[in-house]
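See structure below.
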Amino acid sequence: MEELTLAQAWENLVLLGPEIWQASLETALMLGIGLASAILIGGPLGVWLYLAQPGQILANRFVAGVLGWLVNLVRSFPFIILMVSLVPLTRILVGSTIGPVAAAVPLSFAAIPYFARLVEQTLREVPRGVVEAAEAMGASPFEIVFKVLLREARSGLVASLTILTISFLSYSAVAGVVGGGGIGDLAIRYGYYRFQTEVMVAMVVLLVVVVQLIQFAGNRIAQKLDKR
Amino acid sequence: MISLGSVSKRFRHPDGGWFDAINDVSLSVKAGEVFGLIGFSGAGKSTLLRLINLLERPDAGCVLVDGRELTALSAAELRRARQNIGMVFQQFNLLANRTVAENVAFPLEIAGWDKAAIRARVAECLEVVGLADRAEHYPAQLSGGQKQRVGIARALAPRPKVILADEPTSALDPKTTQSVLECLADINRRFGVTIVIVTHEMGVVRAICHRAALLESGRLIEVMDVAGGEVEANSAAARELLEAA
Ligand SMILES: Nc1ncnc2c1ncn2[C@@H]1O[C@H](COP(=O)(O)OP(=O)(O)OP(=O)(O)O)[C@@H](O)[C@H]1O
Ligand SMILES: [Mg+2]
């Protein structure tokens with residue numbers, strides 16, 4: 001194989017521009033659906049898991065046990081196995097097993113319990129006395145969740161969401177290779193199968209930059225929200 | 001205003017046994033009174049105080065506050081009744097991500113006040129505790145004494161008939177203690193709020209209480225009168241506490 005000059009490498013990448021853009025959109029779509037499910041389903045699940053713990057306002061040993069067990073069960077699947085086992089469900093839900101929307105199904109499945117656990121852990125940092133003060137004022141469970149727990153834990157919740165986003169950016173690359181598309185898939189197709197190392201390098205650099213940006217933004221927002 | 005009739009509360013020990021934290025205690029607190037609950041650590045003072053707003057539910061006995069039997073109320077009714085009972089804590093328990101004004105507004109939001117009324121009432125209460133200039137600060141930016149005065153303003157905001165205070169000055173130095181106690185006494189005098197205050201110091205009883213109940217091992221030992229800053233006590237335990245002060 002002939003030596004590749006920097007100029008040629010750049011030219012190759014420019015030629016791939018539209019495909020890189022397309023792949024970025026696919027990754028964003030996978031990640032967006034996964035994170036949205038995590039927040040909308042995993043968030044409430046995490047709150048419930050917290051509230052069901054002994055000593056909390058909806059303490060229920062049975063509920064806490066079942067929820068905790070379910071969360072652990074799904075989280076114990078290696079992601080690639082979860083993907084494969086969910087193929088039939090994906091086909092029912094999406095009508096296909098390839099493409100970013102199909103890949104978002106196992107991503108969501110993994111993200112929901114992951115975020116639920118992060119939320120539960122974060123809420124534990126709210127001092128018990130503050131919740132008790134709200135109870136003493138006559139706050140309802142609903143008000144305790146929204147006006148006390150989520151508000152007091154908000155910077156921790158943003159930090160949790162940052163962790164989730166970065167982990168699932170990486171998971172989405174795995175999902176992409178098995179038919180989802182996206183940046184990871186592009187890197188493998190060109191960088192590995194076609195020996196275009198420059199594509200691999202460019203994609204890795206892109207991911208590194210994105211991860212740094214997400215972490216930076218997450219830290220800034222969490223810091224802004226924290227008045228403790 | 002408050003009447004406890006033969007209340008008892010037991011807690012389960014980790015080893016499975018039971019522990020009588022409050023054992024058949026009856027007492028009543030008159031409207032407009034500052035009533036102390038005093039005793040050594042572990043005597044059951046906090047537990048007794050928490051029985052008054054049902055943060056702890058008694059295993060036996062009745063809890064009458066402002067003419068209502070709290071143990072008979074539904075969850076929603078109890079929440080409404082609690083809006084009439086303010087509470088002040090040793091560790092302040094303020095919401096860290098809310099400003100001083102937002103903390104004082106919190107019980108009013110729960111009680112469903114409208115925005116304009118909340119704003120006016122918050123300003124009024126901060127004036128009472130002398131923190132009008134700190135309205136937009138966060139609790140982390142305040143001293144312990146200031147935090148406690150926010151706690152008092154918060155308890156006062158919904159115009160409760162009763163304020164329960166659990167060692168409100170135990171985390172504060174003597175000088176700050178004095179100013180916080182004066183603040184409570186002031187509220188009692190100006191607004192006629194009945195105050196029940198838990199303490200392990202006779203000094204606090206002398207400073208602001210009209211009467212005080214002495215607890216030991218979950219039992220009521222005696223109810224002492226306080227006149228002209230002197231505590232009239234008969235029991236040995238009370239004299240011990242008087243000497244410690
Ligand atoms: N939730 C609980 N579970 C088990 N035991 C408890 C619980 N709350 C209180 N107790 C026990 O009941 C007894 C009385 O506790 P309480 O907090 O009322 O004492 P106290 O007089 O307020 O003491 P202190 O001055 O140390 O605050 C203590 O022995 C305590 O260990
Ligand atoms: Mg106590």
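Ordering of the structure tokens sets the chain letters (A, B, ...), residue numbers begin anew at 1 in every chain, and ligands are numbered from 1 in the order given.
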Next item on the list: Write out as a ChimeraX atom specification which residues come within 6 Å of Cys209 in chain B when counting only C-alpha atoms, dropping same-chain ones fewer than 4 positions away.
Entry: /B:34-36,205
Interface rows for chain B against ligand 1: nearest pair, Å to one decimal, 10 Å, only C-alpha atoms and all ligand atoms, as JSON lines:
```
{"residue": "B:Lys9", "atom": "CA", "partner": "ligand 1", "partner_atom_place_in_ligand_line": "12 (O)", "distance": 8.8}
{"residue": "B:Arg10", "atom": "CA", "partner": "ligand 1", "partner_atom_place_in_ligand_line": "12 (O)", "distance": 7.8}
{"residue": "B:Phe11", "atom": "CA", "partner": "ligand 1", "partner_atom_place_in_ligand_line": "4 (C)", "distance": 4.7}
{"residue": "B:Arg12", "atom": "CA", "partner": "ligand 1", "partner_atom_place_in_ligand_line": "4 (C)", "distance": 6.0}
{"residue": "B:His13", "atom": "CA", "partner": "ligand 1", "partner_atom_place_in_ligand_line": "4 (C)", "distance": 6.2}
{"residue": "B:Pro14", "atom": "CA", "partner": "ligand 1", "partner_atom_place_in_ligand_line": "4 (C)", "distance": 8.3}
{"residue": "B:Trp18", "atom": "CA", "partner": "ligand 1", "partner_atom_place_in_ligand_line": "4 (C)", "distance": 9.0}
{"residue": "B:Phe19", "atom": "CA", "partner": "ligand 1", "partner_atom_place_in_ligand_line": "5 (N)", "distance": 7.2}
{"residue": "B:Asp20", "atom": "CA", "partner": "ligand 1", "partner_atom_place_in_ligand_line": "12 (O)", "distance": 7.2}
{"residue": "B:Ala21", "atom": "CA", "partner": "ligand 1", "partner_atom_place_in_ligand_line": "12 (O)", "distance": 4.4}
{"residue": "B:Ile22", "atom": "CA", "partner": "ligand 1", "partner_atom_place_in_ligand_line": "14 (C)", "distance": 7.5}
{"residue": "B:Leu37", "atom": "CA", "partner": "ligand 1", "partner_atom_place_in_ligand_line": "21 (O)", "distance": 8.8}
{"residue": "B:Ile38", "atom": "CA", "partner": "ligand 1", "partner_atom_place_in_ligand_line": "21 (O)", "distance": 7.8}
{"residue": "B:Gly39", "atom": "CA", "partner": "ligand 1", "partner_atom_place_in_ligand_line": "21 (O)", "distance": 6.2}
{"residue": "B:Phe40", "atom": "CA", "partner": "ligand 1", "partner_atom_place_in_ligand_line": "25 (O)", "distance": 5.8}
{"residue": "B:Ser41", "atom": "CA", "partner": "ligand 1", "partner_atom_place_in_ligand_line": "25 (O)", "distance": 3.5}
{"residue": "B:Gly42", "atom": "CA", "partner": "ligand 1", "partner_atom_place_in_ligand_line": "19 (O)", "distance": 3.6}
{"residue": "B:Ala43", "atom": "CA", "partner": "ligand 1", "partner_atom_place_in_ligand_line": "21 (O)", "distance": 3.8}
{"residue": "B:Gly44", "atom": "CA", "partner": "ligand 1", "partner_atom_place_in_ligand_line": "18 (O)", "distance": 3.1}
{"residue": "B:Lys45", "atom": "CA", "partner": "ligand 1", "partner_atom_place_in_ligand_line": "21 (O)", "distance": 3.8}
{"residue": "B:Ser46", "atom": "CA", "partner": "ligand 1", "partner_atom_place_in_ligand_line": "22 (O)", "distance": 3.7}
{"residue": "B:Thr47", "atom": "CA", "partner": "ligand 1", "partner_atom_place_in_ligand_line": "18 (O)", "distance": 3.7}
{"residue": "B:Leu48", "atom": "CA", "partner": "ligand 1", "partner_atom_place_in_ligand_line": "18 (O)", "distance": 6.4}
{"residue": "B:Leu49", "atom": "CA", "partner": "ligand 1", "partner_atom_place_in_ligand_line": "18 (O)", "distance": 8.0}
{"residue": "B:Arg50", "atom": "CA", "partner": "ligand 1", "partner_atom_place_in_ligand_line": "18 (O)", "distance": 8.4}
{"residue": "B:Leu51", "atom": "CA", "partner": "ligand 1", "partner_atom_place_in_ligand_line": "18 (O)", "distance": 9.9}
{"residue": "B:Glu56", "atom": "CA", "partner": "ligand 1", "partner_atom_place_in_ligand_line": "1 (N)", "distance": 8.4}
{"residue": "B:Gln90", "atom": "CA", "partner": "ligand 1", "partner_atom_place_in_ligand_line": "27 (O)", "distance": 9.4}
{"residue": "B:Asp166", "atom": "CA", "partner": "ligand 1", "partner_atom_place_in_ligand_line": "22 (O)", "distance": 8.0}
{"residue": "B:Glu167", "atom": "CA", "partner": "ligand 1", "partner_atom_place_in_ligand_line": "27 (O)", "distance": 7.8}
{"residue": "B:Ser170", "atom": "CA", "partner": "ligand 1", "partner_atom_place_in_ligand_line": "25 (O)", "distance": 9.7}
{"residue": "B:Val198", "atom": "CA", "partner": "ligand 1", "partner_atom_place_in_ligand_line": "22 (O)", "distance": 7.7}
{"residue": "B:Thr199", "atom": "CA", "partner": "ligand 1", "partner_atom_place_in_ligand_line": "25 (O)", "distance": 7.3}
{"residue": "B:His200", "atom": "CA", "partner": "ligand 1", "partner_atom_place_in_ligand_line": "25 (O)", "distance": 6.3}
{"residue": "B:Glu201", "atom": "CA", "partner": "ligand 1", "partner_atom_place_in_ligand_line": "25 (O)", "distance": 9.9}
{"residue": "B:Leu215", "atom": "CA", "partner": "ligand 1", "partner_atom_place_in_ligand_line": "21 (O)", "distance": 7.8}
{"residue": "B:Glu216", "atom": "CA", "partner": "ligand 1", "partner_atom_place_in_ligand_line": "21 (O)", "distance": 8.2}
{"residue": "B:Ser217", "atom": "CA", "partner": "ligand 1", "partner_atom_place_in_ligand_line": "14 (C)", "distance": 7.6}
{"residue": "B:Gly218", "atom": "CA", "partner": "ligand 1", "partner_atom_place_in_ligand_line": "14 (C)", "distance": 7.0}
```
Check: When the cut-off is 6 Å and we count only C-alpha atoms, which residues of chain B are near chain A, given as number ranges by chain?
Finding: B: 79, 82-83, 93, 96-97, 107, 110, 140
Margin query: Quick check for you: according to DSSP on this backbone, which residues of range 119-208 of chain A are classed as helix (DSSP H, G or I)? Reply as JSON, numbers by chain.
Written below: {"A": [119, 120, 121, 122, 123, 128, 129, 130, 131, 132, 133, 134, 135, 136, 141, 142, 143, 144, 145, 146, 147, 148, 149, 150, 151, 152, 154, 155, 156, 157, 158, 159, 160, 161, 162, 163, 164, 165, 166, 167, 168, 169, 170, 171, 172, 173, 174, 175, 176, 177, 178, 179, 180, 183, 184, 185, 186, 187, 188, 189, 190, 191, 192, 193, 197, 198, 199, 200, 201, 202, 203, 204, 205, 206, 207, 208]}
Item checked: Neighbour list for Gly181 in chain A as a PyMOL selection string, cut-off 9 Å, only C-alpha atoms, skip fewer than 2 positions in-chain -> chain A and resi 23+26-27+98-100+103+172-173+175-179+183-186
Quick one: DSSP strand (DSSP E or B) residues in range 104-245 of chain B, as a PDB file with N, CA, C and O atoms, in the first residue's frame?
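Contents of result.pdb, freshly written:
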```pdb
ATOM      1  N   VAL B 162     -49.294  27.252  66.444  1.00  0.00           N
ATOM      2  CA  VAL B 162     -48.290  26.565  67.257  1.00  0.00           C
ATOM      3  C   VAL B 162     -46.966  26.513  66.503  1.00  0.00           C
ATOM      4  O   VAL B 162     -46.951  26.299  65.287  1.00  0.00           O
ATOM      5  N   ILE B 163     -45.860  26.716  67.228  1.00  0.00           N
ATOM      6  CA  ILE B 163     -44.544  26.448  66.646  1.00  0.00           C
ATOM      7  C   ILE B 163     -43.834  25.442  67.541  1.00  0.00           C
ATOM      8  O   ILE B 163     -43.788  25.605  68.766  1.00  0.00           O
ATOM      9  N   LEU B 164     -43.317  24.381  66.911  1.00  0.00           N
ATOM     10  CA  LEU B 164     -42.553  23.370  67.638  1.00  0.00           C
ATOM     11  C   LEU B 164     -41.074  23.605  67.330  1.00  0.00           C
ATOM     12  O   LEU B 164     -40.700  23.723  66.163  1.00  0.00           O
ATOM     13  N   ALA B 165     -40.243  23.665  68.348  1.00  0.00           N
ATOM     14  CA  ALA B 165     -38.822  23.923  68.113  1.00  0.00           C
ATOM     15  C   ALA B 165     -37.994  22.846  68.811  1.00  0.00           C
ATOM     16  O   ALA B 165     -38.100  22.658  70.016  1.00  0.00           O
ATOM     17  N   ASP B 166     -37.197  22.108  68.026  1.00  0.00           N
ATOM     18  CA  ASP B 166     -36.377  21.035  68.592  1.00  0.00           C
ATOM     19  C   ASP B 166     -34.934  21.522  68.748  1.00  0.00           C
ATOM     20  O   ASP B 166     -34.195  21.593  67.775  1.00  0.00           O
ATOM     21  N   THR B 194     -48.319  29.884  70.257  1.00  0.00           N
ATOM     22  CA  THR B 194     -47.936  28.927  71.286  1.00  0.00           C
ATOM     23  C   THR B 194     -46.646  28.245  70.849  1.00  0.00           C
ATOM     24  O   THR B 194     -46.545  27.793  69.708  1.00  0.00           O
ATOM     25  N   ILE B 195     -45.645  28.189  71.736  1.00  0.00           N
ATOM     26  CA  ILE B 195     -44.366  27.599  71.341  1.00  0.00           C
ATOM     27  C   ILE B 195     -44.015  26.448  72.270  1.00  0.00           C
ATOM     28  O   ILE B 195     -44.110  26.576  73.499  1.00  0.00           O
ATOM     29  N   VAL B 196     -43.644  25.317  71.681  1.00  0.00           N
ATOM     30  CA  VAL B 196     -43.103  24.216  72.467  1.00  0.00           C
ATOM     31  C   VAL B 196     -41.641  24.079  72.072  1.00  0.00           C
ATOM     32  O   VAL B 196     -41.323  23.938  70.888  1.00  0.00           O
ATOM     33  N   ILE B 197     -40.761  24.164  73.043  1.00  0.00           N
ATOM     34  CA  ILE B 197     -39.336  24.169  72.729  1.00  0.00           C
ATOM     35  C   ILE B 197     -38.619  23.071  73.499  1.00  0.00           C
ATOM     36  O   ILE B 197     -38.753  22.945  74.712  1.00  0.00           O
ATOM     37  N   VAL B 198     -37.890  22.232  72.741  1.00  0.00           N
ATOM     38  CA  VAL B 198     -37.099  21.158  73.347  1.00  0.00           C
ATOM     39  C   VAL B 198     -35.712  21.698  73.663  1.00  0.00           C
ATOM     40  O   VAL B 198     -35.126  22.420  72.853  1.00  0.00           O
ATOM     41  N   THR B 199     -35.199  21.350  74.836  1.00  0.00           N
ATOM     42  CA  THR B 199     -33.857  21.794  75.194  1.00  0.00           C
ATOM     43  C   THR B 199     -33.285  20.853  76.241  1.00  0.00           C
ATOM     44  O   THR B 199     -34.005  20.093  76.880  1.00  0.00           O
ATOM     45  N   ARG B 211     -43.632  27.556  81.344  1.00  0.00           N
ATOM     46  CA  ARG B 211     -43.621  26.289  82.072  1.00  0.00           C
ATOM     47  C   ARG B 211     -42.730  25.322  81.304  1.00  0.00           C
ATOM     48  O   ARG B 211     -42.428  25.533  80.127  1.00  0.00           O
ATOM     49  N   ALA B 212     -42.326  24.250  81.982  1.00  0.00           N
ATOM     50  CA  ALA B 212     -41.523  23.247  81.284  1.00  0.00           C
ATOM     51  C   ALA B 212     -41.793  21.871  81.871  1.00  0.00           C
ATOM     52  O   ALA B 212     -42.017  21.735  83.078  1.00  0.00           O
ATOM     53  N   ALA B 213     -41.778  20.861  80.999  1.00  0.00           N
ATOM     54  CA  ALA B 213     -41.965  19.487  81.453  1.00  0.00           C
ATOM     55  C   ALA B 213     -40.612  18.798  81.458  1.00  0.00           C
ATOM     56  O   ALA B 213     -39.824  18.940  80.523  1.00  0.00           O
ATOM     57  N   LEU B 214     -40.357  18.087  82.529  1.00  0.00           N
ATOM     58  CA  LEU B 214     -39.113  17.343  82.632  1.00  0.00           C
ATOM     59  C   LEU B 214     -39.372  15.880  82.275  1.00  0.00           C
ATOM     60  O   LEU B 214     -40.262  15.243  82.833  1.00  0.00           O
ATOM     61  N   LEU B 215     -38.574  15.373  81.342  1.00  0.00           N
ATOM     62  CA  LEU B 215     -38.717  13.982  80.909  1.00  0.00           C
ATOM     63  C   LEU B 215     -37.504  13.182  81.347  1.00  0.00           C
ATOM     64  O   LEU B 215     -36.375  13.693  81.357  1.00  0.00           O
ATOM     65  N   GLU B 216     -37.761  11.929  81.690  1.00  0.00           N
ATOM     66  CA  GLU B 216     -36.655  11.026  81.975  1.00  0.00           C
ATOM     67  C   GLU B 216     -37.062   9.635  81.512  1.00  0.00           C
ATOM     68  O   GLU B 216     -38.144   9.160  81.880  1.00  0.00           O
ATOM     69  N   ARG B 219     -40.588   9.068  80.413  1.00  0.00           N
ATOM     70  CA  ARG B 219     -41.691   9.375  81.332  1.00  0.00           C
ATOM     71  C   ARG B 219     -41.664  10.838  81.722  1.00  0.00           C
ATOM     72  O   ARG B 219     -40.609  11.457  81.798  1.00  0.00           O
ATOM     73  N   LEU B 220     -42.866  11.355  82.026  1.00  0.00           N
ATOM     74  CA  LEU B 220     -42.969  12.720  82.509  1.00  0.00           C
ATOM     75  C   LEU B 220     -42.677  12.713  84.009  1.00  0.00           C
ATOM     76  O   LEU B 220     -43.351  12.034  84.783  1.00  0.00           O
ATOM     77  N   ILE B 221     -41.651  13.467  84.434  1.00  0.00           N
ATOM     78  CA  ILE B 221     -41.297  13.501  85.851  1.00  0.00           C
ATOM     79  C   ILE B 221     -42.059  14.612  86.567  1.00  0.00           C
ATOM     80  O   ILE B 221     -42.685  14.379  87.590  1.00  0.00           O
ATOM     81  N   GLU B 222     -41.986  15.822  86.024  1.00  0.00           N
ATOM     82  CA  GLU B 222     -42.781  16.895  86.613  1.00  0.00           C
ATOM     83  C   GLU B 222     -42.935  18.046  85.639  1.00  0.00           C
ATOM     84  O   GLU B 222     -42.161  18.185  84.688  1.00  0.00           O
ATOM     85  N   VAL B 223     -43.972  18.833  85.865  1.00  0.00           N
ATOM     86  CA  VAL B 223     -44.151  20.060  85.091  1.00  0.00           C
ATOM     87  C   VAL B 223     -43.791  21.218  86.001  1.00  0.00           C
ATOM     88  O   VAL B 223     -44.355  21.365  87.083  1.00  0.00           O
ATOM     89  N   MET B 224     -42.798  22.002  85.572  1.00  0.00           N
ATOM     90  CA  MET B 224     -42.260  23.063  86.425  1.00  0.00           C
ATOM     91  C   MET B 224     -42.803  24.420  85.988  1.00  0.00           C
ATOM     92  O   MET B 224     -42.958  24.674  84.797  1.00  0.00           O
ATOM     93  N   ASP B 225     -43.062  25.273  86.960  1.00  0.00           N
ATOM     94  CA  ASP B 225     -43.428  26.656  86.652  1.00  0.00           C
ATOM     95  C   ASP B 225     -42.170  27.494  86.600  1.00  0.00           C
ATOM     96  O   ASP B 225     -41.213  27.239  87.333  1.00  0.00           O
ATOM     97  N   VAL B 226     -42.179  28.479  85.717  1.00  0.00           N
ATOM     98  CA  VAL B 226     -41.050  29.397  85.669  1.00  0.00           C
ATOM     99  C   VAL B 226     -41.605  30.788  85.975  1.00  0.00           C
ATOM    100  O   VAL B 226     -42.517  31.257  85.303  1.00  0.00           O
ATOM    101  N   ALA B 227     -41.089  31.396  87.046  1.00  0.00           N
ATOM    102  CA  ALA B 227     -41.570  32.735  87.397  1.00  0.00           C
ATOM    103  C   ALA B 227     -40.378  33.647  87.620  1.00  0.00           C
ATOM    104  O   ALA B 227     -39.471  33.320  88.381  1.00  0.00           O
ATOM    105  N   GLU B 230     -36.954  32.232  87.478  1.00  0.00           N
ATOM    106  CA  GLU B 230     -36.601  31.148  88.413  1.00  0.00           C
ATOM    107  C   GLU B 230     -37.463  29.930  88.123  1.00  0.00           C
ATOM    108  O   GLU B 230     -38.671  30.028  87.906  1.00  0.00           O
ATOM    109  N   VAL B 231     -36.821  28.760  88.130  1.00  0.00           N
ATOM    110  CA  VAL B 231     -37.542  27.518  87.870  1.00  0.00           C
ATOM    111  C   VAL B 231     -37.921  26.888  89.210  1.00  0.00           C
ATOM    112  O   VAL B 231     -37.070  26.695  90.074  1.00  0.00           O
ATOM    113  N   GLU B 232     -39.202  26.595  89.374  1.00  0.00           N
ATOM    114  CA  GLU B 232     -39.647  25.957  90.621  1.00  0.00           C
ATOM    115  C   GLU B 232     -39.725  24.457  90.397  1.00  0.00           C
ATOM    116  O   GLU B 232     -40.655  23.956  89.782  1.00  0.00           O
TER     117      GLU B 232
END
```
Notebook entry, point to check: Quick one: distance from CA of Gln91 in chain B to CA of Arg117 in chain A in Å, one decimal?
Noted result: 28.6 Å
Next item on the list: State, in Å with one decimal place, the distance from CA of Val174 in chain A to CA of Ala104 in chain A.
Entry: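 Atom-to-atom, CA of Val174 in chain A to CA of Ala104 in chain A, that is 11.4 Å.
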Note to self: I want to know what sits within 8 Å of range 62-72 of chain A, based on only C-alpha atoms, with residues of the same chain fewer than 3 positions away left out; could you give that as a count of residues only?
What the structure shows: 10
